[in-house]
$ cat model17.cif   # mmCIF, C-alpha atoms and all ligand atoms
data_query
loop_
_atom_site.label_atom_id
_atom_site.label_comp_id
_atom_site.auth_asym_id
_atom_site.auth_seq_id
_atom_site.Cartn_x
_atom_site.Cartn_y
_atom_site.Cartn_z
CA MET A 1 14.99 -58.50 146.47
CA ASN A 2 13.04 -61.53 145.25
CA GLU A 3 13.27 -64.70 147.17
CA PRO A 4 10.08 -66.72 146.89
CA ALA A 5 8.49 -67.59 150.22
CA GLN A 6 7.12 -71.07 150.79
CA PRO A 7 4.44 -72.21 151.14
CA GLY A 8 2.34 -69.30 149.89
CA PRO A 9 -0.41 -67.62 151.89
CA ASP A 10 -4.10 -68.35 151.33
CA PRO A 11 -4.95 -65.86 148.52
CA GLY A 12 -8.62 -65.68 149.54
CA GLU A 13 -7.82 -64.69 153.13
CA SER A 14 -5.18 -62.17 152.04
CA ARG A 15 -7.61 -60.61 149.56
CA LYS A 16 -10.25 -60.27 152.26
CA ALA A 17 -7.77 -58.64 154.67
CA ARG A 18 -6.51 -56.28 151.96
CA ARG A 19 -10.03 -55.21 150.99
CA ARG A 20 -11.00 -54.57 154.61
CA TYR A 21 -8.06 -52.26 155.15
CA ASP A 22 -8.51 -50.59 151.76
CA ARG A 23 -12.06 -49.84 152.83
CA ILE A 24 -11.25 -48.38 156.25
CA ALA A 25 -8.06 -46.54 155.19
CA PRO A 26 -9.78 -43.14 154.74
CA VAL A 27 -11.18 -43.22 158.29
CA TYR A 28 -8.55 -45.39 160.02
CA ASP A 29 -6.85 -42.51 161.84
CA LEU A 30 -10.19 -41.08 162.91
CA LEU A 31 -11.36 -44.45 164.28
CA ASN A 32 -8.10 -44.82 166.19
CA ARG A 33 -7.81 -41.28 167.45
CA PHE A 34 -9.06 -42.06 170.96
CA ALA A 35 -6.87 -45.15 171.46
CA GLU A 36 -3.93 -43.34 169.89
CA TRP A 37 -4.24 -40.36 172.20
CA PHE A 38 -4.81 -42.24 175.45
CA ARG A 39 -2.63 -45.31 174.94
CA TYR A 40 -0.69 -45.94 171.74
CA ARG A 41 1.23 -42.67 171.66
CA ARG A 42 2.66 -43.52 175.13
CA TRP A 43 3.63 -47.02 174.03
CA ARG A 44 5.07 -46.43 170.57
CA PRO A 45 8.26 -44.71 171.92
CA LEU A 46 8.93 -47.83 174.05
CA VAL A 47 9.55 -49.73 170.82
CA TRP A 48 12.03 -47.18 169.57
CA GLU A 49 13.91 -46.98 172.89
CA ARG A 50 15.30 -50.36 171.88
CA ALA A 51 14.53 -50.62 168.18
CA PRO A 52 17.21 -52.12 165.97
CA GLY A 53 19.18 -49.63 163.90
CA GLY A 54 20.55 -50.15 160.41
CA ARG A 55 18.28 -51.66 157.76
CA VAL A 56 14.88 -52.16 159.35
CA LEU A 57 11.71 -53.79 158.07
CA GLU A 58 8.46 -52.29 159.32
CA VAL A 59 5.66 -54.82 158.82
CA GLY A 60 2.13 -53.45 158.38
CA VAL A 61 3.07 -49.76 158.39
CA GLY A 62 -0.61 -48.79 157.97
CA THR A 63 -1.13 -45.03 157.72
CA GLY A 64 2.40 -44.42 158.98
CA ALA A 65 1.85 -43.79 162.70
CA ASN A 66 5.36 -45.07 163.46
CA LEU A 67 7.22 -43.20 160.75
CA PRO A 68 8.15 -40.21 162.94
CA TYR A 69 9.88 -42.57 165.40
CA HIS A 70 12.39 -44.21 163.06
CA PRO A 71 15.75 -42.69 164.07
CA ASP A 72 17.88 -40.57 161.77
CA GLY A 73 20.32 -42.65 159.81
CA SER A 74 18.19 -45.77 159.62
CA SER A 75 17.15 -47.31 156.35
CA VAL A 76 13.52 -48.37 156.57
CA VAL A 77 11.55 -50.63 154.24
CA ALA A 78 7.91 -50.42 155.28
CA ILE A 79 5.42 -52.88 153.84
CA ASP A 80 1.66 -53.22 153.97
CA LEU A 81 -0.93 -55.42 152.30
CA SER A 82 -3.26 -52.51 151.64
CA GLY A 83 -2.45 -50.02 148.88
CA ARG A 84 -4.86 -47.49 150.39
CA MET A 85 -3.18 -47.62 153.79
CA LEU A 86 0.18 -47.13 152.06
CA GLU A 87 -1.16 -44.07 150.24
CA ARG A 88 -1.90 -42.52 153.64
CA ALA A 89 1.55 -43.50 154.89
CA ALA A 90 3.10 -41.77 151.87
CA GLU A 91 1.34 -38.54 152.93
CA ALA A 92 2.79 -38.90 156.45
CA ASP A 93 6.26 -39.52 155.03
CA LEU A 94 7.25 -35.84 155.54
CA SER A 95 8.33 -36.42 159.14
CA THR A 96 10.93 -39.03 158.28
CA ASP A 97 13.67 -36.81 156.93
CA GLY A 98 17.00 -38.09 158.17
CA CYS A 99 16.23 -41.71 157.42
CA SER A 100 15.62 -43.37 154.11
CA LEU A 101 12.18 -44.86 153.60
CA GLU A 102 10.81 -47.23 150.99
CA LEU A 103 7.08 -48.06 151.04
CA VAL A 104 6.17 -51.37 149.40
CA GLN A 105 2.84 -53.15 148.95
CA MET A 106 3.52 -56.72 150.07
CA ASP A 107 2.05 -59.58 152.08
CA ALA A 108 3.84 -60.27 155.36
CA GLN A 109 3.14 -63.97 154.80
CA ALA A 110 5.25 -64.01 151.62
CA LEU A 111 8.03 -61.44 151.89
CA GLY A 112 9.96 -60.80 148.71
CA PHE A 113 13.30 -60.22 150.45
CA TRP A 114 16.44 -62.28 150.79
CA GLU A 115 17.07 -64.33 153.88
CA GLY A 116 18.86 -62.30 156.57
CA SER A 117 18.68 -59.05 154.60
CA PHE A 118 17.47 -56.87 157.52
CA ASP A 119 19.12 -55.94 160.81
CA GLY A 120 15.75 -56.09 162.53
CA ALA A 121 12.01 -55.60 162.26
CA VAL A 122 9.22 -53.69 163.99
CA ALA A 123 5.45 -54.07 163.84
CA THR A 124 2.70 -52.48 165.88
CA PHE A 125 -0.82 -53.94 166.08
CA VAL A 126 -0.29 -55.96 162.90
CA PHE A 127 -0.14 -59.68 163.61
CA CYS A 128 -3.67 -59.56 165.08
CA SER A 129 -4.88 -59.00 161.52
CA VAL A 130 -2.42 -61.03 159.43
CA PRO A 131 -4.53 -64.02 158.30
CA ASP A 132 -1.88 -66.62 159.28
CA GLU A 133 0.14 -64.87 161.97
CA GLU A 134 2.64 -67.71 162.36
CA GLN A 135 3.44 -67.66 158.66
CA GLY A 136 3.92 -63.89 158.83
CA LEU A 137 6.23 -64.27 161.83
CA GLU A 138 8.21 -67.08 160.16
CA GLU A 139 8.73 -64.85 157.14
CA THR A 140 9.84 -61.97 159.38
CA LEU A 141 12.30 -64.29 161.11
CA ARG A 142 13.64 -65.45 157.73
CA VAL A 143 14.48 -61.95 156.49
CA ILE A 144 16.16 -60.79 159.74
CA ARG A 145 19.85 -61.65 160.12
CA PRO A 146 20.78 -64.16 162.85
CA GLY A 147 21.07 -62.23 166.12
CA GLY A 148 18.76 -59.49 164.76
CA ARG A 149 15.79 -58.33 166.81
CA MET A 150 12.07 -57.89 166.25
CA LEU A 151 10.03 -55.46 168.36
CA LEU A 152 6.27 -55.80 168.53
CA LEU A 153 3.37 -53.99 170.13
CA GLU A 154 0.39 -56.34 170.12
CA HIS A 155 -2.85 -57.08 171.89
CA VAL A 156 -3.46 -60.69 172.90
CA ARG A 157 -6.10 -62.88 174.51
CA SER A 158 -6.58 -62.03 178.19
CA GLU A 159 -5.19 -64.46 180.76
CA ASN A 160 -8.27 -63.77 182.86
CA PRO A 161 -10.44 -66.86 182.16
CA VAL A 162 -13.75 -64.97 182.03
CA LEU A 163 -12.45 -62.15 179.87
CA GLY A 164 -10.55 -64.64 177.72
CA ARG A 165 -13.73 -66.59 177.02
CA LEU A 166 -15.62 -63.38 176.25
CA MET A 167 -12.88 -62.46 173.75
CA ASP A 168 -13.20 -65.93 172.13
CA TRP A 169 -16.93 -65.42 171.83
CA LEU A 170 -16.66 -61.92 170.34
CA ASN A 171 -13.75 -62.72 168.03
CA PRO A 172 -15.71 -63.86 164.93
CA LEU A 173 -17.76 -60.66 165.01
CA VAL A 174 -14.70 -58.42 165.43
CA VAL A 175 -12.86 -60.26 162.62
CA ARG A 176 -15.82 -59.81 160.28
CA THR A 177 -16.29 -56.11 161.03
CA MET A 178 -12.71 -54.91 161.57
CA GLY A 179 -10.45 -57.72 160.40
CA VAL A 180 -8.77 -57.90 163.80
CA ASN A 181 -8.42 -61.04 165.96
CA ILE A 182 -8.75 -60.24 169.65
CA ASN A 183 -8.00 -63.69 171.07
CA ARG A 184 -4.59 -64.63 169.68
CA ASP A 185 -1.64 -65.85 171.72
CA THR A 186 0.91 -63.90 169.73
CA VAL A 187 3.77 -64.45 172.18
CA ASP A 188 3.43 -68.19 171.70
CA ALA A 189 3.21 -67.71 167.91
CA VAL A 190 6.47 -65.70 168.04
CA ARG A 191 8.13 -68.66 169.79
CA ARG A 192 6.64 -71.21 167.40
CA ALA A 193 7.95 -69.17 164.46
CA GLY A 194 11.48 -69.77 165.78
CA PHE A 195 12.28 -66.56 167.68
CA HIS A 196 13.76 -66.44 171.14
CA VAL A 197 11.46 -64.18 173.20
CA ARG A 198 13.74 -61.90 175.19
CA GLU A 199 10.97 -59.87 176.81
CA ASP A 200 7.19 -60.01 176.98
CA ARG A 201 6.05 -56.95 178.92
CA PRO A 202 2.41 -56.23 179.78
CA LEU A 203 1.54 -52.58 179.17
CA ASP A 204 -1.93 -52.35 180.72
CA PRO A 205 -3.27 -53.67 184.04
CA GLY A 206 -5.22 -56.43 182.23
CA GLY A 207 -2.09 -57.60 180.38
CA ILE A 208 -3.85 -57.50 177.01
CA PHE A 209 -1.39 -55.10 175.37
CA ARG A 210 2.21 -56.35 175.25
CA LEU A 211 5.62 -55.10 174.24
CA ILE A 212 7.49 -58.08 172.81
CA GLU A 213 11.20 -58.20 172.07
CA ALA A 214 12.36 -61.30 170.19
CA VAL A 215 15.66 -62.37 168.64
CA ARG A 216 16.43 -64.55 165.64
CA PRO A 217 18.74 -67.15 167.20
CA GLU A 218 22.27 -67.50 165.89
CA PRO A 219 22.76 -70.81 164.06
CA THR A 220 24.30 -73.51 166.19
CA GLU A 221 27.83 -74.60 165.36
CA ARG A 222 26.45 -77.84 163.85
CA GLU A 223 24.03 -75.94 161.56
CA ASP A 224 26.95 -73.72 160.53
CA ARG A 225 28.94 -76.76 159.44
CA ASP A 226 26.05 -78.60 157.79
CA PRO A 227 22.88 -76.65 156.97
CA ASN A 228 21.09 -79.91 156.10
CA PRO A 229 22.12 -82.47 158.73
CA THR A 230 19.69 -85.14 157.46
CA ARG A 231 21.42 -85.42 154.06
C1 LIG B 1 -4.32 -52.27 162.86
S1 LIG B 1 -3.38 -51.73 161.47
C2 LIG B 1 -1.90 -51.13 162.28
C3 LIG B 1 -1.17 -50.11 161.44
C4 LIG B 1 0.08 -49.49 162.09
N1 LIG B 1 1.12 -50.47 162.30
C5 LIG B 1 -0.26 -48.80 163.37
O1 LIG B 1 0.36 -49.08 164.40
O2 LIG B 1 -1.12 -47.90 163.33
C6 LIG B 1 -2.86 -53.26 160.75
C7 LIG B 1 -2.12 -53.09 159.44
O3 LIG B 1 -1.60 -54.36 159.06
C8 LIG B 1 -1.78 -54.52 157.67
N2 LIG B 1 -1.80 -55.93 157.34
C9 LIG B 1 -2.74 -56.86 157.64
N3 LIG B 1 -2.42 -58.06 157.12
C10 LIG B 1 -1.23 -57.88 156.49
C11 LIG B 1 -0.37 -58.75 155.76
N4 LIG B 1 -0.68 -60.02 155.57
N5 LIG B 1 0.75 -58.23 155.23
C12 LIG B 1 1.08 -56.92 155.40
N6 LIG B 1 0.31 -56.06 156.08
C13 LIG B 1 -0.83 -56.53 156.62
C14 LIG B 1 -3.12 -53.83 157.39
O4 LIG B 1 -3.27 -53.51 156.02
C15 LIG B 1 -3.03 -52.62 158.30
O5 LIG B 1 -2.44 -51.52 157.66
#

$ encode --input "model17.cif" --output "structure tokens"
Amino acid sequence: MNEPAQPGPDPGESRKARRRYDRIAPVYDLLNRFAEWFRYRRWRPLVWERAPGGRVLEVGVGTGANLPYHPDGSSVVAIDLSGRMLERAAEADLSTDGCSLELVQMDAQALGFWEGSFDGAVATFVFCSVPDEEQGLEETLRVIRPGGRMLLLEHVRSENPVLGRLMDWLNPLVVRTMGVNINRDTVDAVRRAGFHVREDRPLDPGGIFRLIEAVRPEPTEREDRDPNPTR
């Protein structure tokens, strides 16, 4: 499964992110209980209404909140930067009978998988905390087959100018304490990474939480004939 990614992620930033999540892993579910109960548990099934079947990559599996949703018959490889978060996910693994599951400690910014080796990918509330979200998204695009889909639940910077500026102002503090960026334009980053955004659906009245469906474009006929047209 080794195909080196290029260029590599910033090791200092990845280490910081990993340590933060290692630290909060024991209390992560407790800290999220309120949001999970009132919001996330209503939104997670929306991802799996349209999730890709077959061999699926889950990026940033965390403590395994999504594991019960993967449908029977799918083959799931779930990665996370934090070993401690993965340990919690391994405990939650019981609910996934019917689908095969492999948990792997890995950085989303440097995926050790072959190009096009997954039918699709899912990630929920992950790219807000990946140090270089565009690099993580480019890597996800690389390992999905052409035509394969990626489903995301994310929170993004508010389009409301006042709230947006408040989020910019608070962001450094939130990153330092929780490792989460609250002012990213993830939909734009998904496009810049090379995906075609099929749907960007606001989930709350403020439009901060989004369900994003994106597709890895099929190669054009010209690229098919000559993968390196500048030669
Ligand atoms: C906010 S948690 C979300 C966990 C889970 N997806 C959920 O919905 O509850 C973010 C997760 O992303 C992981 N993460 C952050 N940066 C990562 C990276 N570069 N590569 C892989 N996982 C990463 C963290 O370790 C953490 O488990």

$ residues_near_ligand --input "model17.cif" --ligand "ligand LIG 1 (chain B)" --cutoff "9 Å" --atoms "all atoms listed in the file" --output "ChimeraX atom specification"
/A:9,13-14,17-22,25,28-29,32,36,40,44,58-66,79-86,105-111,122-133,136,153,178-180

$ residues_around --input "model17.cif" --residues "range 208-222 of chain A" --least-positions-apart "2" --cutoff "6 Å" --atoms "all atoms listed in the file" --output "list of chain:residue names"
A:Pro146, A:Gly147, A:Gly148, A:Arg149, A:Met150, A:Leu151, A:Leu152, A:Leu153, A:Glu154, A:His155, A:Val156, A:Ser158, A:Phe195, A:His196, A:Val197, A:Arg198, A:Glu199, A:Asp200, A:Arg201, A:Pro202, A:Leu203, A:Gly206, A:Asp224, A:Arg225

$ residues_around --input "model17.cif" --residues "Gly53 in chain A" --least-positions-apart "5" --cutoff "10 Å" --atoms "all atoms listed in the file" --output "PyMOL selection string"
chain A and resi 48+70-76+118-121+148-149

$ atom_distance --input "model17.cif" --atom1 "CA of Arg142 in chain A" --atom2 "CA of Pro52 in chain A"
16.1 Å

$ atom_distance --input "model17.cif" --atom1 "CA of Leu101 in chain A" --atom2 "CA of Ala78 in chain A"
7.2 Å

$ atom_distance --input "model17.cif" --atom1 "CA of Ala90 in chain A" --atom2 "CA of Gly116 in chain A"
26.3 Å

$ residues_near_point --input "model17.cif" --point "(-14.6, -58.1, 175.6)" --cutoff "12 Å" --atoms "all atoms listed in the file" --output "number ranges by chain"
A: 156-158, 160-171, 173-174, 181-183, 206, 208

$ write_last_selection --input "model17.cif" --atoms "C-alpha atoms" --output "mmCIF file, in the frame of the given file"
data_model
loop_
_atom_site.group_PDB
_atom_site.id
_atom_site.type_symbol
_atom_site.label_atom_id
_atom_site.label_comp_id
_atom_site.auth_asym_id
_atom_site.auth_seq_id
_atom_site.Cartn_x
_atom_site.Cartn_y
_atom_site.Cartn_z
ATOM 1 C CA VAL A 156 -3.460 -60.690 172.900
ATOM 2 C CA ARG A 157 -6.100 -62.880 174.510
ATOM 3 C CA SER A 158 -6.580 -62.030 178.190
ATOM 4 C CA ASN A 160 -8.270 -63.770 182.860
ATOM 5 C CA PRO A 161 -10.440 -66.860 182.160
ATOM 6 C CA VAL A 162 -13.750 -64.970 182.030
ATOM 7 C CA LEU A 163 -12.450 -62.150 179.870
ATOM 8 C CA GLY A 164 -10.550 -64.640 177.720
ATOM 9 C CA ARG A 165 -13.730 -66.590 177.020
ATOM 10 C CA LEU A 166 -15.620 -63.380 176.250
ATOM 11 C CA MET A 167 -12.880 -62.460 173.750
ATOM 12 C CA ASP A 168 -13.200 -65.930 172.130
ATOM 13 C CA TRP A 169 -16.930 -65.420 171.830
ATOM 14 C CA LEU A 170 -16.660 -61.920 170.340
ATOM 15 C CA ASN A 171 -13.750 -62.720 168.030
ATOM 16 C CA LEU A 173 -17.760 -60.660 165.010
ATOM 17 C CA VAL A 174 -14.700 -58.420 165.430
ATOM 18 C CA ASN A 181 -8.420 -61.040 165.960
ATOM 19 C CA ILE A 182 -8.750 -60.240 169.650
ATOM 20 C CA ASN A 183 -8.000 -63.690 171.070
ATOM 21 C CA GLY A 206 -5.220 -56.430 182.230
ATOM 22 C CA ILE A 208 -3.850 -57.500 177.010
#

$ closest_residue --input "model17.cif" --among "A:Gly207, A:Ile144, A:Leu137, A:Ala35" --to "Arg191 in chain A" --atoms "only C-alpha atoms"
A:Leu137

$ closest_residue --input "model17.cif" --among "A:Glu49, A:Glu139, A:Asp204, A:Asp185" --to "Trp114 in chain A" --atoms "all atoms listed in the file"
A:Glu139

$ closest_residue --input "model17.cif" --among "A:Val143, A:Arg176, A:Gln135, A:Ala92" --to "Gly112 in chain A" --atoms "all atoms listed in the file"
A:Val143

$ build_atoms --input "model17.cif" --residues "range 16-42 of chain A" --atoms "N, CA and C atoms" --output "mmCIF file, in the frame of the given file"
data_model
loop_
_atom_site.group_PDB
_atom_site.id
_atom_site.type_symbol
_atom_site.label_atom_id
_atom_site.label_comp_id
_atom_site.auth_asym_id
_atom_site.auth_seq_id
_atom_site.Cartn_x
_atom_site.Cartn_y
_atom_site.Cartn_z
ATOM 1 N N LYS A 16 -9.236 -60.795 151.333
ATOM 2 C CA LYS A 16 -10.250 -60.270 152.260
ATOM 3 C C LYS A 16 -9.622 -59.224 153.196
ATOM 4 N N ALA A 17 -8.440 -59.561 153.738
ATOM 5 C CA ALA A 17 -7.770 -58.640 154.670
ATOM 6 C C ALA A 17 -7.411 -57.337 153.952
ATOM 7 N N ARG A 18 -6.907 -57.475 152.703
ATOM 8 C CA ARG A 18 -6.510 -56.280 151.960
ATOM 9 C C ARG A 18 -7.714 -55.374 151.693
ATOM 10 N N ARG A 19 -8.829 -55.994 151.296
ATOM 11 C CA ARG A 19 -10.030 -55.210 150.990
ATOM 12 C C ARG A 19 -10.557 -54.487 152.222
ATOM 13 N N ARG A 20 -10.519 -55.193 153.364
ATOM 14 C CA ARG A 20 -11.000 -54.570 154.610
ATOM 15 C C ARG A 20 -10.210 -53.307 154.910
ATOM 16 N N TYR A 21 -8.869 -53.422 154.810
ATOM 17 C CA TYR A 21 -8.060 -52.260 155.150
ATOM 18 C C TYR A 21 -8.132 -51.182 154.061
ATOM 19 N N ASP A 22 -8.307 -51.597 152.810
ATOM 20 C CA ASP A 22 -8.510 -50.590 151.760
ATOM 21 C C ASP A 22 -9.760 -49.771 152.077
ATOM 22 N N ARG A 23 -10.782 -50.485 152.552
ATOM 23 C CA ARG A 23 -12.060 -49.840 152.830
ATOM 24 C C ARG A 23 -11.955 -48.854 154.002
ATOM 25 N N ILE A 24 -11.255 -49.273 155.079
ATOM 26 C CA ILE A 24 -11.250 -48.380 156.250
ATOM 27 C C ILE A 24 -10.114 -47.356 156.238
ATOM 28 N N ALA A 25 -9.224 -47.454 155.223
ATOM 29 C CA ALA A 25 -8.060 -46.540 155.190
ATOM 30 C C ALA A 25 -8.443 -45.055 155.346
ATOM 31 N N PRO A 26 -9.494 -44.579 154.631
ATOM 32 C CA PRO A 26 -9.780 -43.140 154.740
ATOM 33 C C PRO A 26 -10.180 -42.690 156.144
ATOM 34 N N VAL A 27 -10.727 -43.631 156.944
ATOM 35 C CA VAL A 27 -11.180 -43.220 158.290
ATOM 36 C C VAL A 27 -10.368 -43.894 159.397
ATOM 37 N N TYR A 28 -9.310 -44.610 159.013
ATOM 38 C CA TYR A 28 -8.550 -45.390 160.020
ATOM 39 C C TYR A 28 -8.037 -44.491 161.148
ATOM 40 N N ASP A 29 -7.437 -43.365 160.802
ATOM 41 C CA ASP A 29 -6.850 -42.510 161.840
ATOM 42 C C ASP A 29 -7.933 -41.926 162.745
ATOM 43 N N LEU A 30 -9.069 -41.613 162.128
ATOM 44 C CA LEU A 30 -10.190 -41.080 162.910
ATOM 45 C C LEU A 30 -10.696 -42.134 163.903
ATOM 46 N N LEU A 31 -10.865 -43.370 163.415
ATOM 47 C CA LEU A 31 -11.360 -44.450 164.280
ATOM 48 C C LEU A 31 -10.393 -44.721 165.436
ATOM 49 N N ASN A 32 -9.114 -44.496 165.178
ATOM 50 C CA ASN A 32 -8.100 -44.820 166.190
ATOM 51 C C ASN A 32 -7.702 -43.646 167.062
ATOM 52 N N ARG A 33 -8.309 -42.488 166.796
ATOM 53 C CA ARG A 33 -7.810 -41.280 167.450
ATOM 54 C C ARG A 33 -7.817 -41.407 168.987
ATOM 55 N N PHE A 34 -8.911 -41.956 169.512
ATOM 56 C CA PHE A 34 -9.060 -42.060 170.960
ATOM 57 C C PHE A 34 -7.970 -42.978 171.554
ATOM 58 N N ALA A 35 -7.864 -44.186 170.965
ATOM 59 C CA ALA A 35 -6.870 -45.150 171.460
ATOM 60 C C ALA A 35 -5.459 -44.595 171.287
ATOM 61 N N GLU A 36 -5.252 -43.894 170.167
ATOM 62 C CA GLU A 36 -3.930 -43.340 169.890
ATOM 63 C C GLU A 36 -3.568 -42.312 170.967
ATOM 64 N N TRP A 37 -4.507 -41.449 171.279
ATOM 65 C CA TRP A 37 -4.240 -40.360 172.200
ATOM 66 C C TRP A 37 -4.014 -40.873 173.621
ATOM 67 N N PHE A 38 -4.868 -41.806 174.050
ATOM 68 C CA PHE A 38 -4.810 -42.240 175.450
ATOM 69 C C PHE A 38 -3.826 -43.375 175.700
ATOM 70 N N ARG A 39 -3.493 -44.152 174.670
ATOM 71 C CA ARG A 39 -2.630 -45.310 174.940
ATOM 72 C C ARG A 39 -1.452 -45.397 173.972
ATOM 73 N N TYR A 40 -1.745 -45.555 172.675
ATOM 74 C CA TYR A 40 -0.690 -45.940 171.740
ATOM 75 C C TYR A 40 0.460 -44.936 171.708
ATOM 76 N N ARG A 41 0.139 -43.637 171.806
ATOM 77 C CA ARG A 41 1.230 -42.670 171.660
ATOM 78 C C ARG A 41 2.188 -42.716 172.852
ATOM 79 N N ARG A 42 1.755 -43.313 173.990
ATOM 80 C CA ARG A 42 2.660 -43.520 175.130
ATOM 81 C C ARG A 42 3.504 -44.765 174.905
#
